[in-house]
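A.B. asks: Below you will find the structure I want to go over with you.
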Amino acid sequence: MTVRLRFSPAPTGFLHVGSARSALFNWLYARRTGGVMVLRIEDTDVDRSRPEMIAAIHDNLRWLGIDWDEEYRQSERFEQYREVTKKFVDSGQAYYCDCSREDVVARVGENAGYDGHCRDRGVEPPDDGGAGDGDGDNRSVVVRFRTPDSGVTAWDDLIRGRVEFENEVLEDFVIVRSNGVPMFHVANAYDDLDMNITHVVRGEDLVNTTPRVLLLREAMGATEHPVYAHLPLIVNEQRKKLSKRRDDVSLGDYAERGYLPEAMRNYLITLGWGAKDDIEIRPIEEIVERFDLADINKAPAFFDIKKLDHFNGEYIRQLDLDSFIEQSQSYAGDVDGELYARLAPFVQERVRRFDEVPATIDWVVGESPQVEPKDWKKVMTKDGVDKVLDLVLERLTDVTWEPEALADAVLGAGNELGLKSQLPVRIAVTGRRSGMPLFEPMAELDRSVVLDRIKAARDRL
RNA sequence: GCCCCCAUCGUCUAGCGGCCUAGGACACCACCCUCUCAAGGUGGCGGCACGGGUUCAAAUCCCGUUGGGGGUGCCA
C-alpha cells in the first residue's frame with residue numbers, strides 16, 4: 001500500500017509557521033517514503049473561508065519548496081458529505097437537535113458540554129426536508145452524532161504512543177450546521193477514508209478531535225484507521241501556542257524580511273526533530289534521507305528567532321555572490337547596480353537577513369547616518385581625536401583615491417601620532433562603530449564628501 | 001470544572017537500561033584572527049523538575065507530586 005499524506009489547511013488567512021511546519025513534516029515523510037502528498041483545502045466553513053487565500057497558501061508552500069501531487073477542495077465535495085450524514089440520520093447514528101446554546105447552558109451549566117437532550121426526542125427535520133439540503137432556511141436545527149456511552153476510543157499515536165478517550169466524556173457533537181453545511185469532522189473523516197490517507201500528521205491541538213473522527217470513520221464502515229502522528233506545538237516565549245494575534249507567524253512576512261526559504265525550512269524542521277548525528281544545518285536531500293515521523297519529539301518547541309537568524313546567515317553566506325546580489329538588491333533601495341555589486345561581498349558576510357542590507361550600505365549610497373550618542377562618546381571623546389582627524393584630513397586631501405592608499409593614509413596618520421585612527425574616521429564617515437571594511441566602500445564616495453564628513457565631525461568635537 | 005498531552009543546559013536538540021564525570025547547536029562570556037563589525041578558530045558558563053519505586057545498573061522503565069501546555073463552538 002502506498003503511503004499517502006495530506007496537508008489540510010483552512011483558507012482563513014495566510015499560511016503561518018505552525019501550519020508550514022505541519023506541511024513540511026507531511027511532505028518530508030511523503031518524499032522519504034516515496035509516498036503521495038495531497039493538498040486538501042478544508043473550506044467547509046463558508047463564512048470564514050477566503051477563496052483568495054488558497055492562492056496565497058499555494059505561494060507560501062511553493063516558497064518553502066513544498067510540492068504536492070494531488071489537490072482537493074472540500075467545498076466541491078459537499079454532496080458527498082451530505083450523503084453520508086443523511087445515512088447517519090436514517091440509520092439512527094445521528095439525530096436532529098433544536099437546542100440552542102442557551103438551552104444547553106440552562107440545563108447543564110457553562111462547564112458541561114451537550115447533554116444529549118434531543119437524542120430520543122424525535123425532533124423533526126424542518127419542512128424543507130431537513131438540515132443537509134443546504135438552503136439555509138432551517139436556522140435552528142442541527143444534526144448531532146450519537147456517540148457511544150461506554151467503552152473507549154483510542155489509537156496508537158506514532159509520536160505520543162497510545163492515547164485513550166473514555167467514550168462517556170465524548171458529547172454528541174454537531175455534524176451538520178443549521179445552515180445545512182457539514183462540519184469539518186465529517187469532511188475530514190470522509191476524505192481521509194475516500195482518499196486512502198495512510199498517515200495523518202498534524203498539530204497536537206487536534207488530538208481531542210481525533211476520537212470524533214475515529215468514531216465517524218467507523219460509522220462510515222471503516223475497519224482500519226490511518227496512522228496518526230500529532231506534532232508538538234510551536235510556542236512563544238510565554239510557552240503558549242503561536243497565535244496570529246500576538247505573535248509574528250505569517251510565513252509571508254518572514255519572506256519579506258529577507259529570510260531564505262531554505263533557511264526557514266531547515267530551521268522549522270529542527271523544531272521537534274533532530275538528526276542522530278547532531279548536524280542541524282544541511283541540505284534538504286539529506287534531511288529527507290534521515291527523517292522519520294517516529295523520531296519527532298513530544299514536547300512543545302519555542303520559536304527562536306535568534307536561531308532562525310543564525311540559520312539564515314549561514315544560508316546567505318552559502319549563496320554564490322551573483323545570487324546573493326540578485327536576491328538582496330531589491331532590499332538595497334535606489335542604488336546603482338554596479339556599485340551594489342562591488343559592495344555586495346562585504347554585505348553578504350555580515351547580514352543575517354536581507355532587510356539588514358540598507359543599514360549596512362546607507363552611508364555609501366546616501367547620507368551618513370546620525371551617530372548614536374553613546375558611540376560618539378565612546379570613540380570621539382578620547383584624547384587626541386582632534387589631532388587624528390586633522391592629520392587624516394591633511395593626508396586625504398591629495399592622496400590617490402583608491403582603497404589601498406586610503407588605508408595607508410588613515411592608518412598611517414594614526415601610527416604617526418601613536419593613536420587609533422580607524423574608529424574616529426569610521427564614526428565620522430559612516431556614523432557607526434561597526435560595519436563593512438572602511439576603505440573599499442569609502443573609495444566609492446567622492447573625496448569632497450569624505451572630507452566634508454570628517455570636517456563636520458572635527459567641528460563637533 | 002471536565003478531557004487530553006508534555007517535562008534533558010536560558011532556547012532547540014542527541015540520548016531510546018550500562019558507551020553519560022549527559023553530546024551538539026543558538027544565545028552569552030573570554031581569548032585568537034583583524035582597519036571596526038561580522039565570519040572563522042579556541043576555551044568557558046550552563047541541564048536530566050521533584051519524590052518514590054523496578055533493576056546488579058536509570059536521563060532512559062513504572063507510580064505519584066509539582067510545573068507547563070492544548071482542548072472543551074453550528075472554527076479547523
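Lettering and numbering for the C-alpha cells are positional, with chains as A, B, ... in the shown order, residues counted from 1 in each chain, and ligands counted from 1 in the shown order.
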What's the 12 Å shell around Pro283 in chain A, counting only C-alpha atoms (C1' of nucleotides), without same-chain residues fewer than 5 positions away, as a list in words?

C.D. replies: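 With the cut-off at 12 Å, the set is Glu262, Ala263, Arg265, Asn266, Tyr267, Ile269, Val288, Glu289, Arg290, Tyr315 and Gln318 of chain A.
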
A.B. asks: What are the residues of chain A lining chain B at 7 Å or less? Count only C-alpha atoms (C1' of nucleotides), and put the answer as a PDB file with N, CA and C atoms, in the first residue's frame.

C.D. replies:
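Below you can see iface_1.pdb, which holds the result:
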```pdb
ATOM      1  N   ALA A  10      -7.053  25.326   6.401  1.00  0.00           N
ATOM      2  CA  ALA A  10      -8.299  26.050   6.176  1.00  0.00           C
ATOM      3  C   ALA A  10      -7.897  27.409   5.606  1.00  0.00           C
ATOM      4  N   ASN A 111     -19.937  24.778  32.222  1.00  0.00           N
ATOM      5  CA  ASN A 111     -18.782  23.895  32.088  1.00  0.00           C
ATOM      6  C   ASN A 111     -19.042  22.545  31.437  1.00  0.00           C
ATOM      7  N   VAL A 142     -29.811  21.394  13.976  1.00  0.00           N
ATOM      8  CA  VAL A 142     -28.538  20.815  13.559  1.00  0.00           C
ATOM      9  C   VAL A 142     -28.644  19.301  13.604  1.00  0.00           C
ATOM     10  N   VAL A 174     -21.963  18.176  16.880  1.00  0.00           N
ATOM     11  CA  VAL A 174     -22.681  18.600  15.679  1.00  0.00           C
ATOM     12  C   VAL A 174     -21.933  18.132  14.430  1.00  0.00           C
ATOM     13  N   ARG A 177     -24.307  21.733  10.383  1.00  0.00           N
ATOM     14  CA  ARG A 177     -24.732  23.024  10.910  1.00  0.00           C
ATOM     15  C   ARG A 177     -26.190  23.300  10.543  1.00  0.00           C
ATOM     16  N   SER A 178     -26.754  24.279  11.188  1.00  0.00           N
ATOM     17  CA  SER A 178     -28.150  24.605  10.892  1.00  0.00           C
ATOM     18  C   SER A 178     -28.309  25.192   9.491  1.00  0.00           C
ATOM     19  N   ASP A 205      -2.839  20.314  18.742  1.00  0.00           N
ATOM     20  CA  ASP A 205      -4.104  20.940  19.098  1.00  0.00           C
ATOM     21  C   ASP A 205      -5.296  20.202  18.506  1.00  0.00           C
ATOM     22  N   ASN A 208      -7.699  16.112  20.432  1.00  0.00           N
ATOM     23  CA  ASN A 208      -9.023  15.834  21.006  1.00  0.00           C
ATOM     24  C   ASN A 208     -10.133  15.726  19.975  1.00  0.00           C
ATOM     25  N   LYS A 240       3.163  29.627  25.064  1.00  0.00           N
ATOM     26  CA  LYS A 240       1.801  29.451  24.563  1.00  0.00           C
ATOM     27  C   LYS A 240       1.856  29.203  23.064  1.00  0.00           C
ATOM     28  N   THR A 270      14.038  21.649  12.613  1.00  0.00           N
ATOM     29  CA  THR A 270      14.719  21.379  13.883  1.00  0.00           C
ATOM     30  C   THR A 270      13.787  21.546  15.083  1.00  0.00           C
ATOM     31  N   LEU A 271      12.605  22.099  14.840  1.00  0.00           N
ATOM     32  CA  LEU A 271      11.636  22.255  15.922  1.00  0.00           C
ATOM     33  C   LEU A 271      10.863  20.948  16.102  1.00  0.00           C
ATOM     34  N   GLY A 274      15.564  16.153  15.363  1.00  0.00           N
ATOM     35  CA  GLY A 274      16.999  16.372  15.234  1.00  0.00           C
ATOM     36  C   GLY A 274      17.638  15.132  14.641  1.00  0.00           C
ATOM     37  N   LYS A 276      20.346  12.253  14.093  1.00  0.00           N
ATOM     38  CA  LYS A 276      21.131  11.480  15.054  1.00  0.00           C
ATOM     39  C   LYS A 276      22.582  11.939  15.139  1.00  0.00           C
ATOM     40  N   ASP A 278      23.657  14.914  14.985  1.00  0.00           N
ATOM     41  CA  ASP A 278      23.797  16.257  15.556  1.00  0.00           C
ATOM     42  C   ASP A 278      24.020  17.370  14.551  1.00  0.00           C
ATOM     43  N   LYS A 298       8.090  14.961  21.609  1.00  0.00           N
ATOM     44  CA  LYS A 298       6.739  15.156  22.128  1.00  0.00           C
ATOM     45  C   LYS A 298       6.539  16.547  22.706  1.00  0.00           C
ATOM     46  N   ALA A 299       7.587  17.167  23.162  1.00  0.00           N
ATOM     47  CA  ALA A 299       7.446  18.432  23.884  1.00  0.00           C
ATOM     48  C   ALA A 299       7.356  19.622  22.935  1.00  0.00           C
ATOM     49  N   ASP A 304      12.486  30.271  18.098  1.00  0.00           N
ATOM     50  CA  ASP A 304      13.590  31.127  18.490  1.00  0.00           C
ATOM     51  C   ASP A 304      14.141  31.902  17.292  1.00  0.00           C
ATOM     52  N   LYS A 306      16.290  34.145  17.107  1.00  0.00           N
ATOM     53  CA  LYS A 306      17.750  34.300  17.077  1.00  0.00           C
ATOM     54  C   LYS A 306      18.415  33.126  16.382  1.00  0.00           C
ATOM     55  N   LYS A 307      17.887  31.967  16.645  1.00  0.00           N
ATOM     56  CA  LYS A 307      18.466  30.801  15.996  1.00  0.00           C
ATOM     57  C   LYS A 307      18.096  30.771  14.513  1.00  0.00           C
ATOM     58  N   GLU A 349      28.807  38.976   3.879  1.00  0.00           N
ATOM     59  CA  GLU A 349      29.474  38.384   5.036  1.00  0.00           C
ATOM     60  C   GLU A 349      28.842  38.746   6.364  1.00  0.00           C
ATOM     61  N   ARG A 350      28.104  39.859   6.392  1.00  0.00           N
ATOM     62  CA  ARG A 350      27.589  40.216   7.712  1.00  0.00           C
ATOM     63  C   ARG A 350      26.106  40.316   7.923  1.00  0.00           C
ATOM     64  N   GLN A 422      41.395  54.542  12.949  1.00  0.00           N
ATOM     65  CA  GLN A 422      40.360  53.905  12.142  1.00  0.00           C
ATOM     66  C   GLN A 422      38.962  54.197  12.672  1.00  0.00           C
ATOM     67  N   LEU A 423      38.792  54.034  13.993  1.00  0.00           N
ATOM     68  CA  LEU A 423      37.466  54.204  14.575  1.00  0.00           C
ATOM     69  C   LEU A 423      36.957  55.645  14.480  1.00  0.00           C
ATOM     70  N   ARG A 433      30.074  52.550  14.550  1.00  0.00           N
ATOM     71  CA  ARG A 433      31.318  51.953  15.044  1.00  0.00           C
ATOM     72  C   ARG A 433      31.609  50.620  14.366  1.00  0.00           C
ATOM     73  N   SER A 434      30.619  50.089  13.699  1.00  0.00           N
ATOM     74  CA  SER A 434      30.823  48.766  13.097  1.00  0.00           C
ATOM     75  C   SER A 434      30.283  48.760  11.680  1.00  0.00           C
ATOM     76  N   GLY A 435      30.653  47.739  10.940  1.00  0.00           N
ATOM     77  CA  GLY A 435      30.135  47.621   9.593  1.00  0.00           C
ATOM     78  C   GLY A 435      31.152  47.054   8.615  1.00  0.00           C
ATOM     79  N   MET A 436      30.924  47.365   7.379  1.00  0.00           N
ATOM     80  CA  MET A 436      31.802  46.851   6.329  1.00  0.00           C
ATOM     81  C   MET A 436      33.224  47.359   6.549  1.00  0.00           C
ATOM     82  N   PRO A 437      34.208  46.731   5.915  1.00  0.00           N
ATOM     83  CA  PRO A 437      35.559  47.282   5.927  1.00  0.00           C
ATOM     84  C   PRO A 437      35.462  48.724   5.444  1.00  0.00           C
ATOM     85  N   LEU A 438      36.255  49.594   6.028  1.00  0.00           N
ATOM     86  CA  LEU A 438      36.090  51.019   5.772  1.00  0.00           C
ATOM     87  C   LEU A 438      36.517  51.496   4.389  1.00  0.00           C
TER      88      LEU A 438
END
```

A.B. asks: Write out as a tab-separated table the residues of range 47-79 of chain A that have any atom within 8 Å of an atom of range 28-37 of chain A, one row each with the nearest atom pair and its distance in Å to one decimal, counting only C-alpha atoms, sorted by chain and then rising number.

C.D. replies:
```
residue	atom	partner	partner_atom	distance
A:Asp67	CA	A:Met37	CA	7.7
A:Trp68	CA	A:Met37	CA	5.0
A:Asp69	CA	A:Met37	CA	5.3
A:Glu70	CA	A:Met37	CA	6.7
```

A.B. asks: Figure out the distance between CA of Arg50 in chain A and CA of Thr12 in chain A, please, to one decimal in Å.

C.D. replies: 5.5 Å
